[in-house]
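> Structure incoming, see below.
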Amino acid sequence: MIMALSQHELQALNYLAASQDPFAGCSACGDFGKRMQALASLRRAGMIDHANRLSALGRSLVSGEAGDDLAAG
């Protein structure tokens, strides 16, 4: 099943790929809440583990190996 990633999900993946805090760039309480939801969604989809590390699927998405199937929603 193909799903579109939200802006917060894409940002979290990119920050995690760069070994940065997944909450980088959040400036308001609402942003933190949205990023928490994005991280939970990425975990359910199998793109990150419970320690916020990229899985093989997450790494392939960030590196572009998965193709253009997943786009910002």
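Residue numbering restarts at 1 for every chain of the structure tokens, chains are lettered A, B, ... in their displayed order, and ligands are numbered from 1 as they appear.
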Need the shell around range 27-34 of chain A: protein/DNA/RNA residues with any atom at most 12 Å away, counting only C-alpha atoms. Skip same-chain ones fewer than 2 positions apart. Format as a ChimeraX atom specification?
/A:6-9,11-12,21-25,36-41
> For N, CA and C atoms, I'd like the residues from the last selection saved as a short mmCIF file (atom, residue, chain, number, x, y, z; two decimals), in the first residue's frame.

data_model
loop_
_atom_site.label_atom_id
_atom_site.label_comp_id
_atom_site.auth_asym_id
_atom_site.auth_seq_id
_atom_site.Cartn_x
_atom_site.Cartn_y
_atom_site.Cartn_z
N SER A 6 3.30 13.27 5.20
CA SER A 6 3.05 14.67 5.50
C SER A 6 4.36 15.43 5.57
N GLN A 7 4.25 16.74 5.62
CA GLN A 7 5.44 17.59 5.73
C GLN A 7 6.21 17.25 7.00
N HIS A 8 5.51 17.05 8.11
CA HIS A 8 6.18 16.74 9.38
C HIS A 8 6.84 15.37 9.34
N GLU A 9 6.22 14.40 8.67
CA GLU A 9 6.83 13.08 8.54
C GLU A 9 8.11 13.14 7.71
N GLN A 11 10.02 15.79 7.23
CA GLN A 11 11.04 16.53 7.98
C GLN A 11 11.65 15.64 9.05
N ALA A 12 10.83 14.88 9.76
CA ALA A 12 11.35 14.00 10.81
C ALA A 12 12.29 12.96 10.21
N ASP A 21 18.10 15.85 16.01
CA ASP A 21 16.89 15.75 16.81
C ASP A 21 15.67 15.81 15.88
N PRO A 22 14.74 14.85 15.98
CA PRO A 22 13.57 14.88 15.10
C PRO A 22 12.66 16.07 15.36
N PHE A 23 12.87 16.77 16.47
CA PHE A 23 12.05 17.94 16.78
C PHE A 23 12.71 19.25 16.35
N ALA A 24 13.83 19.15 15.65
CA ALA A 24 14.50 20.35 15.14
C ALA A 24 13.54 21.08 14.20
N GLY A 25 13.55 22.38 14.29
CA GLY A 25 12.70 23.18 13.42
C GLY A 25 11.32 23.46 13.98
N MET A 36 5.19 14.76 17.05
CA MET A 36 4.98 13.53 17.83
C MET A 36 4.05 12.59 17.07
N GLN A 37 2.98 13.13 16.50
CA GLN A 37 2.07 12.31 15.72
C GLN A 37 2.76 11.74 14.49
N ALA A 38 3.62 12.55 13.87
CA ALA A 38 4.36 12.09 12.69
C ALA A 38 5.29 10.94 13.05
N LEU A 39 5.98 11.05 14.17
CA LEU A 39 6.88 9.98 14.61
C LEU A 39 6.10 8.70 14.90
N ALA A 40 4.94 8.83 15.53
CA ALA A 40 4.11 7.65 15.80
C ALA A 40 3.66 7.01 14.50
N SER A 41 3.29 7.81 13.53
CA SER A 41 2.86 7.30 12.23
C SER A 41 4.01 6.59 11.51
#
> Check chain A with DSSP on the backbone and list each residue it calls alpha helix (DSSP H), as a PyMOL selection string.
chain A and resi 7-17+29-44+56-63
> Between CA of Ala51 in chain A and CA of Ser63 in chain A, what is the distance in Å, rounded to a tenth?
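Computing it gives 20.2 Å between the two atoms.
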> As an exercise, work out the distance from CA of Ala56 in chain A to CA of Ala17 in chain A in Å and give it to one decimal place.
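These atoms are spaced 11.4 Å apart.
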> Can you work out which one of A:Met47, A:Arg35, A:Leu54, A:Leu42 has the shortest atom-to-atom distance to Leu16 in chain A, counting only C-alpha atoms?
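Going through A:Met47, A:Arg35, A:Leu54, A:Leu42 one by one, the smallest distance to Leu16 in chain A is for A:Leu54.
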> Enter the distance from CA of Arg53 in chain A to CA of Tyr15 in chain A, in Å, rounded to one decimal.
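Between these atoms lies a distance of 10.6 Å.
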> Quick check for you: according to DSSP on this backbone, which residues of chain A are classed as strand (DSSP E or B)? Reply as a PyMOL selection string.
chain A and resi 5+48+54+72
